[in-house]
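Just below is one structure, and these are the notes that go with it.
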Amino acid sequence: MLSNVFKPSIHVSHRAALLAVAITLLACACPVAEAVTVVSHGHPNAIIVTADEPTEVSAFAAQELVDHVKLATGVTLEIRRESDLADTSLHHIYLGDTQSSRRQGLDATTLEPDAFLLHATDSALYIWGNEGRGTLPPQHSGAPWTASDADVAHRGTLYGVYEILERFADVRWLWPGELGTYVPRTDTLVIDQALDEIVEPALSFRRTRWNRIQSAAREYDAELGALAFSEDGLQAYARDLATFVRRHRIGDSTPKPTVGHVAAGLWQQYGNEHPEWFMMREDGTRGPGANETSSFRLRHVAMCVSNPDLHRFLVEEHWDGGDVLALGEVDRAVFCHCENCLAWDKPVDDPPHFARRLYQPLMSDRYARFWKQVYELAVQRNPDVQVTSFLYWNYMPAPTDITLNSNIYGEFVPWDQAEMTYFPLQSDAYDWLKEQWLGWKKTGIIMAYRPNHLHGGYVMPHLSTWQVGDFLRFTYQHGAIGVDHDALIGHWAVKGPMLYIHMRLAAKPELEIEQLRREYFSAFGPAAQHIEAYFDHWETYSENHPPNRQVRYSNPHEAHLVYPEQAFEEPAQMLEDALSLVRHHAQDEYAQRVRFLQAGLEHARLAARFMSLLEGGRAPSDAQQFVAAREALLELIAFRREHEHLYIADYIDAARRERRRTDADQILQAPDEVAPDRDMLPDPWGVWLFRKDPQNRGVQQRWYRSDDAADWQPIETPAPWHSTHVGDYLGYGWYRTTFTVPTDWPNETLTMLFNGVDEQAWVWVNGQQVGEHTAASEDKPISQLWDRPFEVKVPAAVLNVGQTNQLIVRVHASQNAAGIWRPVHVYAPVDN
């Protein structure tokens, strides 16, 4: 039996005490080996042994061991069934449930899911883990493995093989694909440590979502593929990415608690019958925002969480009485404005500047009280119930003073404000983020870490290793039962160390960041220090170029503002210097990996260059610039196809952002003869004026025709409201200014280009409505409107040529920043 427990702490809700008892095993009387030699001076010194009828997991684990030992030593180990063993002087490596394992007194069937035991005698190594039931996905790599699927096996024995490979052969899986697998060469491989231990998952679930690649590979979109992978290239990436995440033990050992976004479904079912269960808007009405499209507005409805009738309904009718009662809200910063709900909030007089929007208002006390009251009702029906929810938007900051319990589960999601969402954070924001975790933990709830920061960065080298790794370790050290990163966007050649640290810490959150950095950089051989300096350069650059409300580094059409052409010059030389150290090295893989990083850097530069030729993401109006932008886009696409086998970047994510935020599709599909140049009226605007419309009365009172300046105040334009005298206001607001059309311009339809209005806009010229950019007009959610340029055609009949014209713009914003935050231009007709 086993005496030494390698990792005694596995976090599984309601089961931790039972686990501690289950892994306390008696010492065995067998002799313990000092070493098991697998390969000696280029010759096999061991064979792999499985049961006569091995599970699919054990059989696959045996092949993985064979393949990696061959990479390390050039030696191919033999795999035998246990009944086929003959007398031999070779050591034996037993995988899975074998008779020999049983004779040793070993038993992995009682271990937790995905746990495994390692045991060595004077001539054998035993690797046996909990494999549960079921089979592997097709080809062992085409789908993720999750414990929630009864037909998919646990992976304990396979994880034991990966543990041995990492610990004794120094195998490292840096990024997907062959080049990303680093296996130091040796002619002798020895397991030189007395092994007698159980290894268990430190986190009960370890998720790094890559379902977008899976779905894209299942149903190839040729139009998207024109900007991204070829179909064959995407299939290869999906397969290698599946292998990569499996080797890093990504998956659920025990099912992740269900949280869900319940309000939207409830509104669909009960909104008409019981509107009082749902949020009251500022105007006193109930339900989702009135200006949303029908397909999107459900994401903008929250519950009236102070309503006791809602509590009773949730417990007595909505919930099935099972072990989980999910109360997750919608994923938008919307909330109920009724008197009772607002009375549950705690005012904060001086919120930190980097999180001010999370305190408008702070609703953590409101939601904590809601969960507590619902739990107290639910526990009467099921004493083992677990109430679950997210901790994000306006209730991510810790509550002020409330006691909950360990039957309430929360997923901590830093979100909404870029200054404290995307790593690296400023030091004060980072300290504040830790305080919020500890504050929630103090309430007594069970927590998991579910950040969104991997969404950011486009294809640029924006990364963090020290801070992002430290926070993940911090959550583990302070009670996290799991991690769920949303999402795995694999820009491997520009964010490599950051992504590697995420993967390693998911499986082993106790590891030190310095160790993980050394593991990554060692794969570059003699160039290791140069590569470390290269990524340190970009990490420092990221610290000194934090995201803000004016420029968002995660938006593709603004990439060149954070990463101008000159930003790539010094790093490019650093990589060239690194390449000179390994160009003629006997192990060509070192040079190939440096060239991999060079390809990623060049890809980022080409993407930034293309964005710099656009007009706020839109196709340039100038014909010559349009041609230049098209050539830059074609060059970028050609580069992607040439390097798609390397997986330098997640082309699918990049292409989706480019299609959503820019006119890349339009430019790509344009004929060879592009539209001729259009004249632009230089700086036509008079003074910009503004007035709030909190009651939404402006249309009824015809503010679009008003010449009364009494209630209008000058405002800086373009600029988001929060950086002007308007402040942190959300709702309706009106702009007014004047412009003059020269007499020498043709008396024809003109075009106004609004490069950015956050979020919705309605436009009048001389009292006549000439256009809008709204959820209804575009049939898009407002989350896709705020940074998308739009054009408005102004008929000649509306204009006063040679005289003053009045422009009125009504704006509505429901979250985050707001207002006309990018320039407005006026163009002459195309055929002037």
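Residues are referred to by chain and number: the chain letter is A, B, ... according to the order shown in the structure tokens, the number counts from 1 in that chain, and ligands are numbered separately from 1 in the order shown.
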Point to revise | Glu539 of chain A surroundings by only C-alpha atoms, 12 Å radius, close-in-sequence under 4 positions cut, as a list in words | key: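 In the requested form, the answer reads Phe423, Pro424, Leu425, Met460, Pro461, His462, Leu463, Ser464, Thr465, Trp466, Gln467, Val468, Val494, Lys495, Gly496, Pro497, Met498, Glu532, Ala533, Tyr534, Phe535, Glu543, Asn544, His545, Pro546 and Pro571 of chain A.
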Resulting file, chosen residues, N, CA and C atoms, as a PDB file, in the first residue's frame:
ATOM      1  N   PHE A 423      -4.688  41.722 -17.767  1.00  0.00           N
ATOM      2  CA  PHE A 423      -3.344  41.769 -17.209  1.00  0.00           C
ATOM      3  C   PHE A 423      -2.343  42.199 -18.279  1.00  0.00           C
ATOM      4  N   PRO A 424      -1.255  42.898 -17.841  1.00  0.00           N
ATOM      5  CA  PRO A 424      -0.930  43.290 -16.473  1.00  0.00           C
ATOM      6  C   PRO A 424      -1.733  44.513 -16.012  1.00  0.00           C
ATOM      7  N   LEU A 425      -2.132  44.478 -14.751  1.00  0.00           N
ATOM      8  CA  LEU A 425      -2.859  45.585 -14.151  1.00  0.00           C
ATOM      9  C   LEU A 425      -1.885  46.559 -13.505  1.00  0.00           C
ATOM     10  N   MET A 460      -1.696  40.919 -31.084  1.00  0.00           N
ATOM     11  CA  MET A 460      -0.537  41.695 -30.671  1.00  0.00           C
ATOM     12  C   MET A 460       0.159  41.071 -29.454  1.00  0.00           C
ATOM     13  N   PRO A 461       1.422  41.415 -29.229  1.00  0.00           N
ATOM     14  CA  PRO A 461       2.199  40.838 -28.113  1.00  0.00           C
ATOM     15  C   PRO A 461       1.904  41.504 -26.778  1.00  0.00           C
ATOM     16  N   HIS A 462       0.642  41.531 -26.412  1.00  0.00           N
ATOM     17  CA  HIS A 462       0.249  42.051 -25.101  1.00  0.00           C
ATOM     18  C   HIS A 462       0.184  40.869 -24.148  1.00  0.00           C
ATOM     19  N   LEU A 463       1.044  40.851 -23.135  1.00  0.00           N
ATOM     20  CA  LEU A 463       1.100  39.671 -22.284  1.00  0.00           C
ATOM     21  C   LEU A 463       1.550  40.015 -20.880  1.00  0.00           C
ATOM     22  N   SER A 464       1.285  39.066 -19.989  1.00  0.00           N
ATOM     23  CA  SER A 464       1.738  39.124 -18.612  1.00  0.00           C
ATOM     24  C   SER A 464       2.110  37.706 -18.207  1.00  0.00           C
ATOM     25  N   THR A 465       3.220  37.548 -17.517  1.00  0.00           N
ATOM     26  CA  THR A 465       3.583  36.240 -16.970  1.00  0.00           C
ATOM     27  C   THR A 465       3.569  36.287 -15.448  1.00  0.00           C
ATOM     28  N   TRP A 466       4.296  37.257 -14.866  1.00  0.00           N
ATOM     29  CA  TRP A 466       4.431  37.317 -13.417  1.00  0.00           C
ATOM     30  C   TRP A 466       3.100  37.570 -12.726  1.00  0.00           C
ATOM     31  N   GLN A 467       2.419  38.617 -13.150  1.00  0.00           N
ATOM     32  CA  GLN A 467       1.211  39.017 -12.432  1.00  0.00           C
ATOM     33  C   GLN A 467       0.049  38.062 -12.687  1.00  0.00           C
ATOM     34  N   VAL A 468      -0.126  37.671 -13.944  1.00  0.00           N
ATOM     35  CA  VAL A 468      -1.259  36.807 -14.260  1.00  0.00           C
ATOM     36  C   VAL A 468      -1.090  35.442 -13.596  1.00  0.00           C
ATOM     37  N   VAL A 494       3.097  35.144 -29.975  1.00  0.00           N
ATOM     38  CA  VAL A 494       3.299  36.449 -29.343  1.00  0.00           C
ATOM     39  C   VAL A 494       2.937  36.448 -27.862  1.00  0.00           C
ATOM     40  N   LYS A 495       2.202  35.431 -27.411  1.00  0.00           N
ATOM     41  CA  LYS A 495       1.810  35.341 -26.003  1.00  0.00           C
ATOM     42  C   LYS A 495       2.239  34.011 -25.387  1.00  0.00           C
ATOM     43  N   GLY A 496       3.212  33.348 -25.998  1.00  0.00           N
ATOM     44  CA  GLY A 496       3.563  31.994 -25.623  1.00  0.00           C
ATOM     45  C   GLY A 496       3.783  31.744 -24.141  1.00  0.00           C
ATOM     46  N   PRO A 497       4.680  32.474 -23.471  1.00  0.00           N
ATOM     47  CA  PRO A 497       4.911  32.198 -22.050  1.00  0.00           C
ATOM     48  C   PRO A 497       3.669  32.399 -21.199  1.00  0.00           C
ATOM     49  N   MET A 498       2.866  33.395 -21.520  1.00  0.00           N
ATOM     50  CA  MET A 498       1.645  33.664 -20.766  1.00  0.00           C
ATOM     51  C   MET A 498       0.669  32.489 -20.877  1.00  0.00           C
ATOM     52  N   GLU A 532      14.081  35.169 -23.366  1.00  0.00           N
ATOM     53  CA  GLU A 532      13.530  35.706 -22.122  1.00  0.00           C
ATOM     54  C   GLU A 532      13.537  37.233 -22.148  1.00  0.00           C
ATOM     55  N   ALA A 533      14.626  37.819 -22.611  1.00  0.00           N
ATOM     56  CA  ALA A 533      14.713  39.277 -22.703  1.00  0.00           C
ATOM     57  C   ALA A 533      13.683  39.820 -23.692  1.00  0.00           C
ATOM     58  N   TYR A 534      13.455  39.081 -24.772  1.00  0.00           N
ATOM     59  CA  TYR A 534      12.469  39.493 -25.781  1.00  0.00           C
ATOM     60  C   TYR A 534      11.074  39.570 -25.172  1.00  0.00           C
ATOM     61  N   PHE A 535      10.654  38.526 -24.468  1.00  0.00           N
ATOM     62  CA  PHE A 535       9.319  38.548 -23.875  1.00  0.00           C
ATOM     63  C   PHE A 535       9.243  39.514 -22.695  1.00  0.00           C
ATOM     64  N   GLU A 543       2.882  46.696 -19.672  1.00  0.00           N
ATOM     65  CA  GLU A 543       2.669  47.410 -18.409  1.00  0.00           C
ATOM     66  C   GLU A 543       2.588  48.909 -18.622  1.00  0.00           C
ATOM     67  N   ASN A 544       3.342  49.401 -19.592  1.00  0.00           N
ATOM     68  CA  ASN A 544       3.400  50.845 -19.835  1.00  0.00           C
ATOM     69  C   ASN A 544       2.394  51.325 -20.872  1.00  0.00           C
ATOM     70  N   HIS A 545       1.640  50.409 -21.439  1.00  0.00           N
ATOM     71  CA  HIS A 545       0.603  50.771 -22.416  1.00  0.00           C
ATOM     72  C   HIS A 545      -0.712  50.119 -22.001  1.00  0.00           C
ATOM     73  N   PRO A 546      -1.235  50.500 -20.851  1.00  0.00           N
ATOM     74  CA  PRO A 546      -2.466  49.849 -20.372  1.00  0.00           C
ATOM     75  C   PRO A 546      -3.657  50.262 -21.214  1.00  0.00           C
ATOM     76  N   PRO A 571      12.233  44.759 -31.003  1.00  0.00           N
ATOM     77  CA  PRO A 571      11.993  43.331 -30.785  1.00  0.00           C
ATOM     78  C   PRO A 571      12.421  42.459 -31.972  1.00  0.00           C
TER      79      PRO A 571
END
Please extract the residues of segment 209-440 of chain A with a backbone DSSP assignment of helix (DSSP H, G or I) and present them as a tab-separated table (two decimals) with C-alpha atoms, in the first residue's frame.
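states.tsv written:
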chain	number	residue	atom	x	y	z
A	211	ASN	CA	-14.92	25.40	-28.28
A	212	ARG	CA	-14.77	28.09	-30.98
A	213	ILE	CA	-12.04	26.16	-32.75
A	214	GLN	CA	-13.99	22.92	-32.33
A	215	SER	CA	-17.17	24.38	-33.82
A	216	ALA	CA	-15.29	26.11	-36.64
A	217	ALA	CA	-13.59	22.82	-37.53
A	218	ARG	CA	-16.90	20.93	-37.52
A	222	ALA	CA	-15.36	29.43	-46.35
A	223	GLU	CA	-16.09	33.16	-46.06
A	224	LEU	CA	-14.44	33.28	-42.64
A	225	GLY	CA	-11.69	30.99	-43.90
A	231	GLU	CA	-10.03	23.92	-44.26
A	232	ASP	CA	-7.15	21.45	-44.00
A	233	GLY	CA	-5.15	23.89	-41.89
A	234	LEU	CA	-8.04	24.37	-39.48
A	235	GLN	CA	-8.61	20.63	-39.12
A	236	ALA	CA	-4.94	20.11	-38.31
A	237	TYR	CA	-4.97	22.90	-35.75
A	238	ALA	CA	-8.10	21.56	-34.07
A	239	ARG	CA	-6.56	18.09	-33.76
A	240	ASP	CA	-3.25	19.36	-32.38
A	241	LEU	CA	-4.98	21.77	-30.02
A	242	ALA	CA	-7.09	18.92	-28.63
A	243	THR	CA	-3.92	16.92	-28.00
A	244	PHE	CA	-2.27	19.91	-26.36
A	245	VAL	CA	-5.08	20.62	-23.88
A	246	ARG	CA	-5.34	16.92	-23.01
A	247	ARG	CA	-1.64	16.73	-22.18
A	262	VAL	CA	-31.32	32.24	-15.73
A	263	ALA	CA	-33.05	35.61	-16.03
A	264	ALA	CA	-33.37	35.57	-19.83
A	265	GLY	CA	-35.15	32.22	-19.89
A	266	LEU	CA	-37.41	33.22	-17.02
A	267	TRP	CA	-38.42	36.43	-18.79
A	268	GLN	CA	-39.36	34.50	-21.92
A	269	GLN	CA	-41.60	32.20	-19.88
A	270	TYR	CA	-43.01	34.52	-17.24
A	275	PRO	CA	-43.26	41.48	-14.89
A	276	GLU	CA	-42.80	42.35	-11.19
A	277	TRP	CA	-40.24	39.53	-10.95
A	297	ARG	CA	-32.70	42.14	-25.65
A	298	LEU	CA	-33.02	39.06	-23.43
A	299	ARG	CA	-29.38	39.51	-22.47
A	300	HIS	CA	-30.40	42.87	-20.99
A	308	PRO	CA	-40.05	37.60	-2.02
A	309	ASP	CA	-42.60	36.17	-4.43
A	310	LEU	CA	-39.78	35.59	-6.92
A	311	HIS	CA	-37.80	33.80	-4.19
A	312	ARG	CA	-40.69	31.46	-3.49
A	313	PHE	CA	-41.28	30.81	-7.17
A	314	LEU	CA	-37.62	29.98	-7.78
A	315	VAL	CA	-37.57	27.47	-4.93
A	316	GLU	CA	-41.03	25.94	-5.18
A	317	GLU	CA	-41.64	25.85	-8.95
A	318	HIS	CA	-38.61	26.75	-11.05
A	339	GLU	CA	-36.96	51.04	-4.34
A	340	ASN	CA	-36.54	47.74	-2.52
A	341	CYS	CA	-33.60	46.54	-4.59
A	342	LEU	CA	-31.83	49.89	-4.35
A	343	ALA	CA	-32.36	49.83	-0.59
A	344	TRP	CA	-30.33	46.60	-0.43
A	353	HIS	CA	-10.87	55.25	-10.23
A	354	PHE	CA	-9.96	52.01	-12.01
A	355	ALA	CA	-13.22	50.34	-10.95
A	356	ARG	CA	-15.63	53.26	-10.71
A	357	ARG	CA	-18.19	51.78	-13.09
A	358	LEU	CA	-18.54	48.74	-10.84
A	359	TYR	CA	-19.82	51.02	-8.10
A	364	SER	CA	-22.78	42.95	-4.10
A	365	ASP	CA	-24.79	43.25	-0.88
A	366	ARG	CA	-28.01	43.11	-2.89
A	367	TYR	CA	-27.12	39.85	-4.60
A	368	ALA	CA	-25.51	38.27	-1.54
A	369	ARG	CA	-28.71	38.91	0.38
A	370	PHE	CA	-30.74	37.46	-2.49
A	371	TRP	CA	-28.69	34.24	-2.56
A	372	LYS	CA	-28.90	33.91	1.22
A	373	GLN	CA	-32.67	34.32	1.35
A	374	VAL	CA	-33.24	31.90	-1.52
A	375	TYR	CA	-30.87	29.38	0.07
A	376	GLU	CA	-32.74	29.57	3.39
A	377	LEU	CA	-35.93	28.65	1.56
A	378	ALA	CA	-34.30	25.96	-0.60
A	393	TRP	CA	-20.30	43.21	-13.25
A	394	ASN	CA	-21.61	45.40	-10.42
A	395	TYR	CA	-21.39	42.59	-7.88
A	418	ALA	CA	-10.43	47.33	-18.92
A	419	GLU	CA	-8.12	48.86	-16.32
A	420	MET	CA	-8.80	45.96	-13.94
A	427	SER	CA	-0.33	47.88	-8.99
A	428	ASP	CA	-3.22	49.55	-7.15
A	429	ALA	CA	-5.79	47.77	-9.32
A	430	TYR	CA	-4.00	44.46	-8.78
A	431	ASP	CA	-4.00	44.86	-5.01
A	432	TRP	CA	-7.67	45.85	-5.11
A	433	LEU	CA	-8.53	42.74	-7.13
A	434	LYS	CA	-6.95	40.51	-4.49
A	435	GLU	CA	-8.90	42.32	-1.78
A	436	GLN	CA	-12.17	41.55	-3.58
A	437	TRP	CA	-11.39	37.85	-3.74
A	438	LEU	CA	-10.54	37.80	-0.03
A	439	GLY	CA	-13.63	39.85	0.76
A	440	TRP	CA	-15.92	37.34	-0.93
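Proximity of A:Asp728, A:Cys336, A:Glu78, A:Ala326 to Gly284 of chain A, computed with only C-alpha atoms, is greatest for A:Cys336.
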Check your understanding: At what distance in Å, to one decimal, does atom CA of Gly756 of chain A lie from atom CA of Arg609 of chain A?
Key -> 20.5 Å
Env of His43 of chain A: 8 Å cut, atoms = only C-alpha atoms, seq-sep filter 2 positions within chain, self excluded. Answer as an mmCIF file with C-alpha atoms, in the first residue's frame.
data_model
loop_
_atom_site.group_PDB
_atom_site.id
_atom_site.type_symbol
_atom_site.label_atom_id
_atom_site.label_comp_id
_atom_site.auth_asym_id
_atom_site.auth_seq_id
_atom_site.Cartn_x
_atom_site.Cartn_y
_atom_site.Cartn_z
ATOM 1 C CA VAL A 39 16.707 3.452 -21.323
ATOM 2 C CA SER A 40 20.409 2.863 -20.749
ATOM 3 C CA HIS A 41 23.031 4.292 -23.140
ATOM 4 C CA ASN A 45 15.998 -1.319 -20.325
ATOM 5 C CA VAL A 75 14.548 4.155 -28.393
ATOM 6 C CA ASP A 187 20.719 8.366 -24.202
#
Review point. Any idea what's packed within 12 Å of Thr88 of chain A, counting only C-alpha atoms, ignoring anything in its chain fewer than 4 positions away? Could you give it as a ChimeraX atom specification?
Key: /A:45-47,84,92,123
Could you please take those selected residues and save C-alpha atoms as a CSV table (one decimal), in the first residue's frame?
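The resulting file, result_13.csv, is shown below:
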chain,number,residue,atom,x,y,z
A,45,ASN,CA,16.0,-1.3,-20.3
A,46,ALA,CA,12.2,-1.6,-19.7
A,47,ILE,CA,9.1,-2.8,-21.3
A,84,ASP,CA,2.6,-12.4,-22.7
A,92,HIS,CA,8.6,-3.4,-16.1
A,123,SER,CA,12.4,-3.8,-10.7
Point to revise | Polymer residues at most 7 Å from Ala591 of chain A, only C-alpha atoms, same-chain spacing of 4 or more positions, as a ChimeraX atom specification | key: /A:579,582-583,595
Please identify every residue of segment 213-303 of chain A that has at least one atom no farther than 12 Å from an atom of segment 508-511 of chain A, counting only C-alpha atoms, and for each give the shortest atom pair and the distance in Å to one decimal, arranged by chain then increasing number, as JSON lines.
{"residue": "A:His248", "atom": "CA", "partner": "A:Lys508", "partner_atom": "CA", "distance": 9.5}
{"residue": "A:Arg249", "atom": "CA", "partner": "A:Lys508", "partner_atom": "CA", "distance": 9.6}
{"residue": "A:Ile250", "atom": "CA", "partner": "A:Lys508", "partner_atom": "CA", "distance": 11.0}
Limited to C-alpha atoms, could you put the picked residues into a file as a short mmCIF file (atom, residue, chain, number, x, y, z; two decimals), in the first residue's frame?
data_model
loop_
_atom_site.label_atom_id
_atom_site.label_comp_id
_atom_site.auth_asym_id
_atom_site.auth_seq_id
_atom_site.Cartn_x
_atom_site.Cartn_y
_atom_site.Cartn_z
CA HIS A 248 -2.07 19.70 -19.87
CA ARG A 249 -4.91 17.87 -18.05
CA ILE A 250 -7.56 20.38 -19.03
#
Review point. Taking only C-alpha atoms into account, which of A:Trp319, A:Phe524, A:Tyr729, A:Phe335 comes nearest Leu581 of chain A?
Key: A:Phe524
